[in-house]
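Q: Dropping in entry.cif, which is mmCIF, C-alpha atoms:
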data_start
loop_
_atom_site.group_PDB
_atom_site.id
_atom_site.type_symbol
_atom_site.label_atom_id
_atom_site.label_comp_id
_atom_site.auth_asym_id
_atom_site.auth_seq_id
_atom_site.Cartn_x
_atom_site.Cartn_y
_atom_site.Cartn_z
ATOM 1 C CA MET B 1 3.240 -48.352 -50.895
ATOM 2 C CA THR B 2 -0.290 -49.196 -51.995
ATOM 3 C CA ASP B 3 -3.565 -47.265 -52.021
ATOM 4 C CA ALA B 4 -5.298 -50.451 -50.840
ATOM 5 C CA ILE B 5 -6.371 -50.114 -47.206
ATOM 6 C CA LEU B 6 -5.163 -52.134 -44.242
ATOM 7 C CA HIS B 7 -8.149 -52.763 -41.959
ATOM 8 C CA LEU B 8 -7.379 -53.460 -38.303
ATOM 9 C CA VAL B 9 -10.322 -55.341 -36.804
ATOM 10 C CA GLN B 10 -10.185 -55.224 -33.013
ATOM 11 C CA GLN B 11 -13.486 -56.683 -31.781
ATOM 12 C CA SER B 12 -14.901 -60.182 -31.581
ATOM 13 C CA PRO B 13 -17.160 -60.982 -34.545
ATOM 14 C CA THR B 14 -19.886 -62.293 -32.256
ATOM 15 C CA ALA B 15 -19.930 -59.338 -29.847
ATOM 16 C CA SER B 16 -19.546 -56.461 -32.256
ATOM 17 C CA SER B 17 -20.439 -55.414 -35.785
ATOM 18 C CA ALA B 18 -16.847 -54.218 -36.383
ATOM 19 C CA LEU B 19 -15.849 -57.081 -38.707
ATOM 20 C CA ARG B 20 -19.145 -57.101 -40.602
ATOM 21 C CA ASP B 21 -19.073 -53.303 -41.036
ATOM 22 C CA CYS B 22 -15.483 -53.476 -42.238
ATOM 23 C CA LEU B 23 -16.190 -56.233 -44.767
ATOM 24 C CA ALA B 24 -19.179 -54.273 -46.094
ATOM 25 C CA VAL B 25 -16.921 -51.466 -47.304
ATOM 26 C CA ALA B 26 -13.475 -53.038 -47.819
ATOM 27 C CA GLY B 27 -12.228 -53.035 -51.405
ATOM 28 C CA PRO B 28 -11.193 -56.316 -53.036
ATOM 29 C CA ALA B 29 -7.497 -55.365 -52.882
ATOM 30 C CA ASP B 30 -7.657 -54.381 -49.188
ATOM 31 C CA SER B 31 -6.198 -56.548 -46.419
ATOM 32 C CA ILE B 32 -7.576 -57.404 -42.997
ATOM 33 C CA VAL B 33 -5.605 -57.727 -39.772
ATOM 34 C CA LEU B 34 -7.363 -59.456 -36.892
ATOM 35 C CA MET B 35 -6.080 -58.246 -33.525
ATOM 36 C CA HIS B 36 -7.172 -57.982 -29.884
ATOM 37 C CA ASP B 37 -10.593 -59.714 -29.691
ATOM 38 C CA GLY B 38 -10.711 -59.546 -33.483
ATOM 39 C CA VAL B 39 -8.543 -62.701 -33.547
ATOM 40 C CA TYR B 40 -11.608 -64.790 -32.674
ATOM 41 C CA ALA B 41 -12.591 -64.274 -36.330
ATOM 42 C CA ALA B 42 -9.467 -66.206 -37.394
ATOM 43 C CA MET B 43 -11.090 -69.576 -36.601
ATOM 44 C CA GLU B 44 -12.674 -69.379 -40.039
ATOM 45 C CA LYS B 45 -11.265 -66.992 -42.643
ATOM 46 C CA PRO B 46 -13.967 -64.317 -42.735
ATOM 47 C CA SER B 47 -13.764 -63.220 -46.389
ATOM 48 C CA ALA B 48 -11.847 -63.531 -49.620
ATOM 49 C CA HIS B 49 -9.528 -60.665 -48.561
ATOM 50 C CA THR B 50 -5.927 -61.312 -47.643
ATOM 51 C CA CYS B 51 -6.214 -61.899 -43.929
ATOM 52 C CA TYR B 52 -3.669 -61.735 -41.116
ATOM 53 C CA ALA B 53 -3.969 -62.398 -37.385
ATOM 54 C CA LEU B 54 -1.717 -61.172 -34.612
ATOM 55 C CA GLN B 55 -0.114 -64.256 -33.127
ATOM 56 C CA SER B 56 0.434 -62.917 -29.602
ATOM 57 C CA ASP B 57 -3.241 -61.976 -29.312
ATOM 58 C CA LEU B 58 -4.216 -65.452 -30.590
ATOM 59 C CA GLU B 59 -1.976 -67.195 -28.093
ATOM 60 C CA GLU B 60 -3.205 -65.036 -25.244
ATOM 61 C CA ARG B 61 -6.703 -66.366 -25.986
ATOM 62 C CA GLY B 62 -5.596 -70.014 -26.375
ATOM 63 C CA LEU B 63 -6.389 -70.104 -30.084
ATOM 64 C CA GLN B 64 -2.994 -71.360 -31.309
ATOM 65 C CA GLY B 65 -3.448 -74.340 -33.648
ATOM 66 C CA ARG B 66 -7.164 -73.636 -34.028
ATOM 67 C CA THR B 67 -7.102 -70.964 -36.701
ATOM 68 C CA ASP B 68 -7.916 -71.278 -40.388
ATOM 69 C CA PRO B 69 -4.660 -72.077 -42.257
ATOM 70 C CA ALA B 70 -5.668 -69.489 -44.871
ATOM 71 C CA VAL B 71 -5.168 -66.766 -42.231
ATOM 72 C CA THR B 72 -1.515 -65.672 -42.085
ATOM 73 C CA LEU B 73 -0.111 -65.297 -38.573
ATOM 74 C CA ILE B 74 2.079 -62.253 -37.932
ATOM 75 C CA ASP B 75 3.985 -60.716 -35.030
ATOM 76 C CA TYR B 76 4.209 -57.009 -34.176
ATOM 77 C CA SER B 77 7.081 -56.343 -36.544
ATOM 78 C CA GLY B 78 5.004 -57.954 -39.298
ATOM 79 C CA LEU B 79 2.189 -55.585 -38.388
ATOM 80 C CA VAL B 80 4.503 -52.579 -38.546
ATOM 81 C CA GLU B 81 5.698 -53.727 -41.957
ATOM 82 C CA LEU B 82 2.120 -54.043 -43.223
ATOM 83 C CA CYS B 83 1.188 -50.587 -41.901
ATOM 84 C CA ASP B 84 4.243 -49.244 -43.657
ATOM 85 C CA GLN B 85 3.201 -50.789 -46.982
ATOM 86 C CA HIS B 86 -0.303 -49.264 -46.908
ATOM 87 C CA ARG B 87 -1.056 -45.593 -47.273
ATOM 88 C CA HIS B 88 -4.045 -45.831 -44.925
ATOM 89 C CA ASN B 89 -4.869 -48.169 -42.084
ATOM 90 C CA LEU B 90 -8.326 -48.046 -40.537
ATOM 91 C CA SER B 91 -9.192 -49.307 -37.075
ATOM 92 C CA TRP B 92 -12.496 -51.059 -36.509
ATOM 93 C CA PHE B 93 -13.536 -51.209 -32.850
ATOM 94 C CA MET Q 1 -2.868 -28.025 -46.828
ATOM 95 C CA ALA Q 2 -3.099 -31.430 -45.143
ATOM 96 C CA SER Q 3 -6.415 -33.236 -45.486
ATOM 97 C CA LEU Q 4 -8.258 -35.522 -43.079
ATOM 98 C CA LEU Q 5 -11.219 -37.818 -43.556
ATOM 99 C CA MET Q 6 -12.861 -38.539 -40.207
ATOM 100 C CA ILE Q 7 -15.038 -41.664 -40.339
ATOM 101 C CA CYS Q 8 -17.656 -41.682 -37.557
ATOM 102 C CA ARG Q 9 -19.161 -45.084 -36.765
ATOM 103 C CA LYS Q 10 -20.551 -44.730 -33.249
ATOM 104 C CA ALA Q 11 -23.924 -43.690 -31.872
ATOM 105 C CA PRO Q 12 -23.936 -40.239 -30.227
ATOM 106 C CA TYR Q 13 -24.491 -40.784 -26.487
ATOM 107 C CA GLY Q 14 -23.735 -44.347 -25.320
ATOM 108 C CA THR Q 15 -19.990 -43.767 -25.315
ATOM 109 C CA SER Q 16 -17.713 -40.746 -25.673
ATOM 110 C CA TYR Q 17 -16.460 -41.853 -29.120
ATOM 111 C CA ALA Q 18 -18.799 -39.557 -31.067
ATOM 112 C CA ARG Q 19 -17.784 -36.503 -29.028
ATOM 113 C CA GLU Q 20 -14.110 -37.345 -29.403
ATOM 114 C CA ALA Q 21 -14.384 -37.707 -33.163
ATOM 115 C CA ILE Q 22 -16.157 -34.348 -33.425
ATOM 116 C CA ASP Q 23 -13.561 -32.688 -31.182
ATOM 117 C CA ILE Q 24 -10.759 -34.013 -33.370
ATOM 118 C CA ALA Q 25 -12.512 -32.774 -36.515
ATOM 119 C CA LEU Q 26 -13.120 -29.285 -35.088
ATOM 120 C CA ALA Q 27 -9.598 -29.022 -33.669
ATOM 121 C CA ALA Q 28 -8.068 -30.168 -36.965
ATOM 122 C CA SER Q 29 -10.119 -27.534 -38.773
ATOM 123 C CA ALA Q 30 -8.868 -24.865 -36.359
ATOM 124 C CA PHE Q 31 -5.325 -25.978 -37.300
ATOM 125 C CA ASP Q 32 -6.156 -25.385 -40.996
ATOM 126 C CA VAL Q 33 -6.474 -29.049 -41.862
ATOM 127 C CA ASP Q 34 -8.889 -29.649 -44.729
ATOM 128 C CA VAL Q 35 -11.447 -31.832 -42.909
ATOM 129 C CA ALA Q 36 -14.160 -34.060 -44.376
ATOM 130 C CA MET Q 37 -16.438 -36.372 -42.401
ATOM 131 C CA LEU Q 38 -18.072 -39.651 -43.306
ATOM 132 C CA PHE Q 39 -20.907 -40.928 -41.130
ATOM 133 C CA THR Q 40 -21.468 -44.655 -41.454
ATOM 134 C CA ASP Q 41 -22.754 -47.612 -39.411
ATOM 135 C CA ASP Q 42 -24.203 -46.320 -36.092
ATOM 136 C CA GLY Q 43 -22.415 -43.017 -36.764
ATOM 137 C CA VAL Q 44 -25.356 -41.912 -38.931
ATOM 138 C CA LEU Q 45 -27.385 -41.742 -35.708
ATOM 139 C CA GLN Q 46 -25.333 -38.691 -34.661
ATOM 140 C CA LEU Q 47 -27.059 -36.658 -37.363
ATOM 141 C CA VAL Q 48 -30.642 -37.469 -36.388
ATOM 142 C CA LYS Q 49 -32.792 -34.349 -35.941
ATOM 143 C CA GLY Q 50 -34.568 -33.552 -32.697
ATOM 144 C CA GLN Q 51 -31.960 -34.558 -30.065
ATOM 145 C CA ASN Q 52 -32.849 -33.019 -26.704
ATOM 146 C CA THR Q 53 -30.222 -33.111 -23.963
ATOM 147 C CA ASP Q 54 -31.998 -30.715 -21.575
ATOM 148 C CA ASN Q 55 -32.595 -33.468 -19.034
ATOM 149 C CA THR Q 56 -29.386 -35.454 -19.398
ATOM 150 C CA GLY Q 57 -26.686 -32.767 -19.136
ATOM 151 C CA SER Q 58 -24.781 -34.137 -22.143
ATOM 152 C CA LYS Q 59 -23.459 -31.855 -24.823
ATOM 153 C CA ASN Q 60 -25.974 -31.917 -27.678
ATOM 154 C CA VAL Q 61 -24.271 -33.780 -30.522
ATOM 155 C CA GLU Q 62 -26.816 -32.584 -33.073
ATOM 156 C CA SER Q 63 -26.186 -28.935 -32.105
ATOM 157 C CA VAL Q 64 -22.419 -29.271 -32.263
ATOM 158 C CA LEU Q 65 -22.588 -31.042 -35.633
ATOM 159 C CA SER Q 66 -24.806 -28.246 -36.969
ATOM 160 C CA SER Q 67 -21.766 -25.968 -36.776
ATOM 161 C CA LEU Q 68 -19.637 -28.121 -39.132
ATOM 162 C CA PRO Q 69 -20.275 -25.817 -42.123
ATOM 163 C CA LEU Q 70 -18.989 -22.855 -40.062
ATOM 164 C CA TYR Q 71 -15.782 -24.838 -39.468
ATOM 165 C CA ASP Q 72 -15.548 -25.425 -43.250
ATOM 166 C CA VAL Q 73 -15.846 -29.181 -42.723
ATOM 167 C CA ALA Q 74 -16.821 -30.505 -46.167
ATOM 168 C CA PRO Q 75 -18.007 -32.681 -47.661
ATOM 169 C CA ILE Q 76 -20.235 -34.240 -45.021
ATOM 170 C CA LEU Q 77 -20.803 -37.731 -46.365
ATOM 171 C CA VAL Q 78 -23.320 -40.326 -45.268
ATOM 172 C CA ASN Q 79 -23.335 -43.995 -46.202
ATOM 173 C CA GLU Q 80 -26.787 -44.453 -47.684
ATOM 174 C CA ALA Q 81 -26.903 -48.168 -46.822
ATOM 175 C CA ALA Q 82 -26.209 -47.445 -43.138
ATOM 176 C CA LEU Q 83 -29.011 -44.896 -43.180
ATOM 177 C CA SER Q 84 -31.622 -47.176 -44.752
ATOM 178 C CA GLU Q 85 -30.617 -50.118 -42.506
ATOM 179 C CA ARG Q 86 -31.662 -47.864 -39.628
ATOM 180 C CA HIS Q 87 -34.953 -46.883 -41.267
ATOM 181 C CA LEU Q 88 -33.742 -43.307 -41.852
ATOM 182 C CA THR Q 89 -33.627 -40.987 -44.842
ATOM 183 C CA THR Q 90 -31.820 -37.691 -45.398
ATOM 184 C CA GLY Q 91 -35.063 -36.014 -44.292
ATOM 185 C CA ASP Q 92 -34.343 -37.279 -40.755
ATOM 186 C CA LEU Q 93 -30.947 -35.542 -40.658
ATOM 187 C CA ASN Q 94 -30.078 -32.095 -39.341
ATOM 188 C CA LEU Q 95 -27.582 -31.147 -42.065
ATOM 189 C CA PRO Q 96 -27.417 -31.251 -45.840
ATOM 190 C CA VAL Q 97 -25.233 -34.267 -46.624
ATOM 191 C CA GLU Q 98 -23.823 -36.059 -49.640
ATOM 192 C CA LEU Q 99 -24.816 -39.691 -49.913
ATOM 193 C CA CYS Q 100 -22.221 -42.292 -50.760
ATOM 194 C CA GLN Q 101 -22.245 -46.038 -51.302
ATOM 195 C CA PRO Q 102 -20.371 -48.716 -49.348
ATOM 196 C CA GLY Q 103 -18.200 -49.594 -52.375
ATOM 197 C CA GLU Q 104 -16.782 -46.069 -52.559
ATOM 198 C CA LEU Q 105 -14.685 -46.265 -49.396
ATOM 199 C CA PRO Q 106 -11.349 -47.230 -50.962
ATOM 200 C CA THR Q 107 -11.446 -44.466 -53.623
ATOM 201 C CA LEU Q 108 -12.684 -41.987 -51.030
ATOM 202 C CA CYS Q 109 -9.848 -42.770 -48.605
ATOM 203 C CA ALA Q 110 -7.302 -42.445 -51.398
ATOM 204 C CA LYS Q 111 -8.229 -38.754 -51.769
ATOM 205 C CA TYR Q 112 -7.111 -37.837 -48.225
ATOM 206 C CA ASP Q 113 -3.720 -37.584 -46.550
ATOM 207 C CA ARG Q 114 -5.072 -39.057 -43.311
ATOM 208 C CA VAL Q 115 -8.085 -41.205 -42.507
ATOM 209 C CA LEU Q 116 -9.318 -41.891 -38.983
ATOM 210 C CA THR Q 117 -12.139 -44.209 -37.893
ATOM 211 C CA ILE Q 118 -13.821 -43.567 -34.568
ATOM 212 C CA MET L 1 -18.008 -9.199 -5.562
ATOM 213 C CA ALA L 2 -15.387 -11.908 -5.976
ATOM 214 C CA LEU L 3 -16.203 -14.161 -8.944
ATOM 215 C CA ALA L 4 -15.598 -17.897 -8.838
ATOM 216 C CA THR L 5 -13.397 -18.532 -11.865
ATOM 217 C CA ASP L 6 -10.907 -21.126 -13.014
ATOM 218 C CA GLU L 7 -7.199 -20.323 -13.258
ATOM 219 C CA GLU L 8 -7.694 -18.794 -16.713
ATOM 220 C CA GLY L 9 -10.478 -16.531 -15.472
ATOM 221 C CA TYR L 10 -13.477 -18.361 -16.945
ATOM 222 C CA LEU L 11 -16.576 -18.538 -14.755
ATOM 223 C CA LEU L 12 -16.878 -21.848 -12.920
ATOM 224 C CA ASP L 13 -20.652 -21.555 -12.726
ATOM 225 C CA LEU L 14 -22.034 -20.193 -15.984
ATOM 226 C CA THR L 15 -25.278 -19.182 -14.261
ATOM 227 C CA ASP L 16 -23.245 -16.596 -12.289
ATOM 228 C CA TRP L 17 -23.150 -14.494 -15.458
ATOM 229 C CA ASN L 18 -25.056 -11.240 -15.816
ATOM 230 C CA PRO L 19 -24.240 -7.917 -17.514
ATOM 231 C CA THR L 20 -22.570 -6.549 -14.374
ATOM 232 C CA VAL L 21 -20.360 -9.631 -14.216
ATOM 233 C CA ALA L 22 -19.502 -9.068 -17.883
ATOM 234 C CA GLU L 23 -18.425 -5.470 -17.072
ATOM 235 C CA GLN L 24 -16.244 -6.809 -14.274
ATOM 236 C CA LEU L 25 -14.640 -9.528 -16.436
ATOM 237 C CA ALA L 26 -14.069 -7.026 -19.250
ATOM 238 C CA ASP L 27 -12.524 -4.592 -16.794
ATOM 239 C CA GLU L 28 -10.021 -7.256 -15.765
ATOM 240 C CA GLU L 29 -9.044 -7.470 -19.450
ATOM 241 C CA GLY L 30 -8.726 -3.681 -19.684
ATOM 242 C CA ILE L 31 -11.790 -3.415 -21.909
ATOM 243 C CA SER L 32 -14.583 -0.928 -21.343
ATOM 244 C CA LEU L 33 -17.735 -2.344 -22.918
ATOM 245 C CA SER L 34 -19.389 -0.229 -25.619
ATOM 246 C CA GLU L 35 -22.462 -1.057 -27.681
ATOM 247 C CA ALA L 36 -20.214 -2.626 -30.326
ATOM 248 C CA HIS L 37 -18.711 -4.929 -27.688
ATOM 249 C CA TRP L 38 -22.153 -5.938 -26.483
ATOM 250 C CA GLU L 39 -23.235 -6.815 -29.997
ATOM 251 C CA LEU L 40 -20.415 -9.366 -30.218
ATOM 252 C CA ILE L 41 -21.060 -10.662 -26.705
ATOM 253 C CA GLU L 42 -24.648 -11.335 -27.702
ATOM 254 C CA LEU L 43 -23.443 -12.895 -30.942
ATOM 255 C CA ILE L 44 -21.153 -15.401 -29.218
ATOM 256 C CA GLN L 45 -23.899 -16.223 -26.714
ATOM 257 C CA ALA L 46 -26.235 -16.933 -29.638
ATOM 258 C CA PHE L 47 -23.564 -19.188 -31.176
ATOM 259 C CA TYR L 48 -23.242 -21.061 -27.903
ATOM 260 C CA LYS L 49 -26.999 -21.485 -27.621
ATOM 261 C CA GLU L 50 -27.326 -22.740 -31.175
ATOM 262 C CA PHE L 51 -24.259 -25.006 -31.365
ATOM 263 C CA ASP L 52 -23.680 -25.997 -27.706
ATOM 264 C CA HIS L 53 -20.003 -25.035 -27.563
ATOM 265 C CA SER L 54 -17.737 -21.994 -27.520
ATOM 266 C CA PRO L 55 -16.433 -21.378 -31.018
ATOM 267 C CA ALA L 56 -12.902 -21.177 -32.340
ATOM 268 C CA MET L 57 -12.020 -17.957 -34.152
ATOM 269 C CA ARG L 58 -12.836 -18.945 -37.745
ATOM 270 C CA PRO L 59 -16.390 -20.240 -37.193
ATOM 271 C CA LEU L 60 -17.102 -17.236 -34.965
ATOM 272 C CA ILE L 61 -16.082 -14.845 -37.743
ATOM 273 C CA LYS L 62 -18.134 -16.794 -40.285
ATOM 274 C CA TYR L 63 -21.112 -16.670 -37.957
ATOM 275 C CA ALA L 64 -20.659 -12.899 -37.525
ATOM 276 C CA LYS L 65 -20.542 -12.465 -41.288
ATOM 277 C CA LEU L 66 -23.800 -14.396 -41.536
ATOM 278 C CA LYS L 67 -25.582 -12.516 -38.751
ATOM 279 C CA LEU L 68 -24.035 -9.032 -38.832
ATOM 280 C CA GLY L 69 -22.644 -8.709 -42.347
ATOM 281 C CA ALA L 70 -19.148 -8.537 -43.832
ATOM 282 C CA ASP L 71 -18.311 -5.204 -42.143
ATOM 283 C CA LYS L 72 -18.265 -6.943 -38.802
ATOM 284 C CA GLY L 73 -17.626 -10.505 -39.938
ATOM 285 C CA ASN L 74 -13.873 -10.154 -40.205
ATOM 286 C CA SER L 75 -11.002 -10.705 -37.818
ATOM 287 C CA LEU L 76 -9.766 -7.108 -37.912
ATOM 288 C CA TYR L 77 -13.080 -5.882 -36.524
ATOM 289 C CA PHE L 78 -12.985 -8.495 -33.764
ATOM 290 C CA LEU L 79 -9.349 -7.712 -32.960
ATOM 291 C CA SER L 80 -10.106 -3.980 -32.738
ATOM 292 C CA LEU L 81 -12.675 -4.628 -30.007
ATOM 293 C CA PHE L 82 -11.156 -7.674 -28.299
ATOM 294 C CA PRO L 83 -7.412 -7.442 -28.967
ATOM 295 C CA GLY L 84 -5.203 -10.526 -28.822
ATOM 296 C CA SER L 85 -7.430 -13.560 -28.829
ATOM 297 C CA PRO L 86 -11.020 -12.449 -29.545
ATOM 298 C CA ALA L 87 -12.700 -15.876 -29.333
ATOM 299 C CA LYS L 88 -11.183 -16.534 -25.914
ATOM 300 C CA LEU L 89 -11.784 -13.026 -24.565
ATOM 301 C CA LEU L 90 -15.352 -12.997 -25.801
ATOM 302 C CA SER L 91 -16.122 -16.430 -24.342
ATOM 303 C CA ARG L 92 -14.748 -15.322 -21.001
ATOM 304 C CA ILE L 93 -16.618 -12.015 -20.886
ATOM 305 C CA ALA L 94 -19.831 -13.605 -22.209
ATOM 306 C CA GLY L 95 -19.738 -16.163 -19.382
ATOM 307 C CA LEU L 96 -19.113 -19.164 -21.625
ATOM 308 C CA PRO L 97 -16.625 -22.024 -21.250
ATOM 309 C CA ARG L 98 -13.152 -21.631 -22.719
ATOM 310 C CA PRO L 99 -13.199 -22.576 -26.418
ATOM 311 C CA GLU L 100 -11.717 -26.083 -26.632
ATOM 312 C CA ASN L 101 -10.548 -25.856 -30.184
ATOM 313 C CA CYS L 102 -8.993 -22.429 -30.021
ATOM 314 C CA LEU L 103 -5.327 -21.863 -30.784
#
Show this structure as structure tokens.
A:
Amino acid sequence: MTDAILHLVQQSPTASSALRDCLAVAGPADSIVLMHDGVYAAMEKPSAHTCYALQSDLEERGLQGRTDPAVTLIDYSGLVELCDQHRHNLSWF
Amino acid sequence: MASLLMICRKAPYGTSYAREAIDIALAASAFDVDVAMLFTDDGVLQLVKGQNTDNTGSKNVESVLSSLPLYDVAPILVNEAALSERHLTTGDLNLPVELCQPGELPTLCAKYDRVLTI
Amino acid sequence: MALATDEEGYLLDLTDWNPTVAEQLADEEGISLSEAHWELIELIQAFYKEFDHSPAMRPLIKYAKLKLGADKGNSLYFLSLFPGSPAKLLSRIAGLPRPENCL
């Protein structure tokens, strides 16, 4: 269990300020999960933070094979595991 | 006593998010949760003085937020950067608030049992 | 006069309220309104006007303490006049919506 925060970014980086607002306050040890329309930000790793993207949401949008290799792809059980490891997870929508 | 930090990021009237966040904060306080609120991003717009809902029929967000001290919601924090980005100062707000900086979020969150962003 | 209320007895149209209606609503709760009751009815109406919602118990008591002093700003005083659930009873009799955040 870590005090670092897991940030769940749920909106497209071009339509919403969610990702930018999140990155403005995230600590260096925090991690980012891109999900729902947030996965569009996985085309180019958005920051130096550890970054994950939800594979099913990527595939739904036809982005498989087009994401930055530095973004780790996870499934829902991976997401549950990450939530479990962090004391707080914050949704950005 | 359980503690909750409610992070409000949405403007007051365009969507129902602001109202929902306030309702959660007030309800949590009624259930003896130790509630703090952080207004950041467009959420700082909820605190702007002079909101008049007489002709729209909405619940007045400024008025409801004015009651936070009576619900023992404290501290009421505002991200100073979000305020200045929107050309506002604490003088434009309807409540006494504590200013905080963007870099403080992780340490702030660590102080609370639960953190919600709306 | 039959009042239009919801299933919990709160007025459907808040503009229906007047002192006679308050007497009638109080009567349904077995309360006969004295000057002390009216003081709290006016207090909760002032809260509603200032903060745009019906208060839960704790903020109502704090508000009473602020406006009427510690003698009246305590739950025992409220319970003696509006037994059971003072914030709910007062909202109903004062013609306000049911408090949303009330236990």
Q: Could you check how far CA of Ser75 in chain L sits from CA of Lys62 in chain L, in Å to one decimal?
A: 9.7 Å
Q: Quick one: which residues from chain B are at most 6 Å off chain Q, using all atoms listed in the file, as an MDAnalysis selection string?
A: chainID B and resid 25 27 91
Q: Applied to this file, what does the PyMOL selection byres ((chain Q and resi 71-74) around 8) return in terms of residues, put as a VMD selection string?
A: (chain Q and resid 25 to 26 29 to 30 34 to 37 67 to 70 75 to 76) or (chain L and resid 58 to 59)
Q: Could you tell me how far CA of Pro99 in chain L sits from CA of Ser54 in chain L, in Å to one decimal place?
A: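 That distance, rounded to one decimal, is 4.7 Å.
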Q: Which residues would end up in the selection if the PyMOL selection byres ((chain L and resi 55) around 12) were applied here, given that I need the answer as an mmCIF file with C-alpha atoms, in the frame of the given file?
A:
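Output file result23.cif is given in full below:
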data_model
loop_
_atom_site.group_PDB
_atom_site.id
_atom_site.type_symbol
_atom_site.label_atom_id
_atom_site.label_comp_id
_atom_site.auth_asym_id
_atom_site.auth_seq_id
_atom_site.Cartn_x
_atom_site.Cartn_y
_atom_site.Cartn_z
ATOM 1 C CA ASP Q 23 -13.561 -32.688 -31.182
ATOM 2 C CA LEU Q 26 -13.120 -29.285 -35.088
ATOM 3 C CA ALA Q 27 -9.598 -29.022 -33.669
ATOM 4 C CA SER Q 29 -10.119 -27.534 -38.773
ATOM 5 C CA ALA Q 30 -8.868 -24.865 -36.359
ATOM 6 C CA VAL Q 64 -22.419 -29.271 -32.263
ATOM 7 C CA SER Q 67 -21.766 -25.968 -36.776
ATOM 8 C CA LEU Q 68 -19.637 -28.121 -39.132
ATOM 9 C CA LEU Q 70 -18.989 -22.855 -40.062
ATOM 10 C CA TYR Q 71 -15.782 -24.838 -39.468
ATOM 11 C CA LEU L 43 -23.443 -12.895 -30.942
ATOM 12 C CA ILE L 44 -21.153 -15.401 -29.218
ATOM 13 C CA GLN L 45 -23.899 -16.223 -26.714
ATOM 14 C CA ALA L 46 -26.235 -16.933 -29.638
ATOM 15 C CA PHE L 47 -23.564 -19.188 -31.176
ATOM 16 C CA TYR L 48 -23.242 -21.061 -27.903
ATOM 17 C CA LYS L 49 -26.999 -21.485 -27.621
ATOM 18 C CA GLU L 50 -27.326 -22.740 -31.175
ATOM 19 C CA PHE L 51 -24.259 -25.006 -31.365
ATOM 20 C CA ASP L 52 -23.680 -25.997 -27.706
ATOM 21 C CA HIS L 53 -20.003 -25.035 -27.563
ATOM 22 C CA SER L 54 -17.737 -21.994 -27.520
ATOM 23 C CA ALA L 56 -12.902 -21.177 -32.340
ATOM 24 C CA MET L 57 -12.020 -17.957 -34.152
ATOM 25 C CA ARG L 58 -12.836 -18.945 -37.745
ATOM 26 C CA PRO L 59 -16.390 -20.240 -37.193
ATOM 27 C CA LEU L 60 -17.102 -17.236 -34.965
ATOM 28 C CA ILE L 61 -16.082 -14.845 -37.743
ATOM 29 C CA LYS L 62 -18.134 -16.794 -40.285
ATOM 30 C CA TYR L 63 -21.112 -16.670 -37.957
ATOM 31 C CA ALA L 64 -20.659 -12.899 -37.525
ATOM 32 C CA PRO L 86 -11.020 -12.449 -29.545
ATOM 33 C CA ALA L 87 -12.700 -15.876 -29.333
ATOM 34 C CA LYS L 88 -11.183 -16.534 -25.914
ATOM 35 C CA LEU L 89 -11.784 -13.026 -24.565
ATOM 36 C CA LEU L 90 -15.352 -12.997 -25.801
ATOM 37 C CA SER L 91 -16.122 -16.430 -24.342
ATOM 38 C CA ARG L 92 -14.748 -15.322 -21.001
ATOM 39 C CA LEU L 96 -19.113 -19.164 -21.625
ATOM 40 C CA PRO L 97 -16.625 -22.024 -21.250
ATOM 41 C CA ARG L 98 -13.152 -21.631 -22.719
ATOM 42 C CA PRO L 99 -13.199 -22.576 -26.418
ATOM 43 C CA GLU L 100 -11.717 -26.083 -26.632
ATOM 44 C CA ASN L 101 -10.548 -25.856 -30.184
ATOM 45 C CA CYS L 102 -8.993 -22.429 -30.021
ATOM 46 C CA LEU L 103 -5.327 -21.863 -30.784
#
Q: Please evaluate the PyMOL selection byres ((chain B and resi 54-70) around 8) against the structure above and give the resulting residues as number ranges by chain.
A: B: 33-37, 39-40, 42-45, 51-53, 71-76, 79
Q: May I ask which of the residues B:Ala48, B:Ala18, B:Ala4, B:Ile32 is the closest one to His88 in chain B, counting only C-alpha atoms?
A: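 Among the listed residues, the smallest separation from His88 in chain B belongs to B:Ala4.
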Q: Could you tell me how far CA of Ser63 in chain Q lies from CA of Asn94 in chain Q, in Å and to one decimal?
A: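 CA of Ser63 in chain Q sits 8.8 Å away from CA of Asn94 in chain Q.
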Q: Please list as an MDAnalysis selection string every residue within 6 Å of Leu93 in chain Q, counting all atoms listed in the file and excluding residues in the same chain fewer than 2 positions away.
A: chainID Q and resid 47:49 90:91 95
Q: So that I can see what lies close to Cys22 in chain B, please list as a PDB file with C-alpha atoms, in the coordinates of the input the residues with an atom at most 8 Å from it, counting all atoms listed in the file and leaving out residues fewer than 5 positions away in the same chain.
A:
ATOM      1  CA  HIS B   7      -8.149 -52.763 -41.959  1.00  0.00           C
ATOM      2  CA  VAL B   9     -10.322 -55.341 -36.804  1.00  0.00           C
ATOM      3  CA  TRP B  92     -12.496 -51.059 -36.509  1.00  0.00           C
TER       4      TRP B  92
END
Q: Around (-13.0, -6.5, -34.0) in the file's own coordinates, what residues are found within 12 Å if you use only C-alpha atoms, given back as a VMD selection string?
A: chain L and resid 36 to 41 57 60 to 61 64 70 to 87 89 to 90
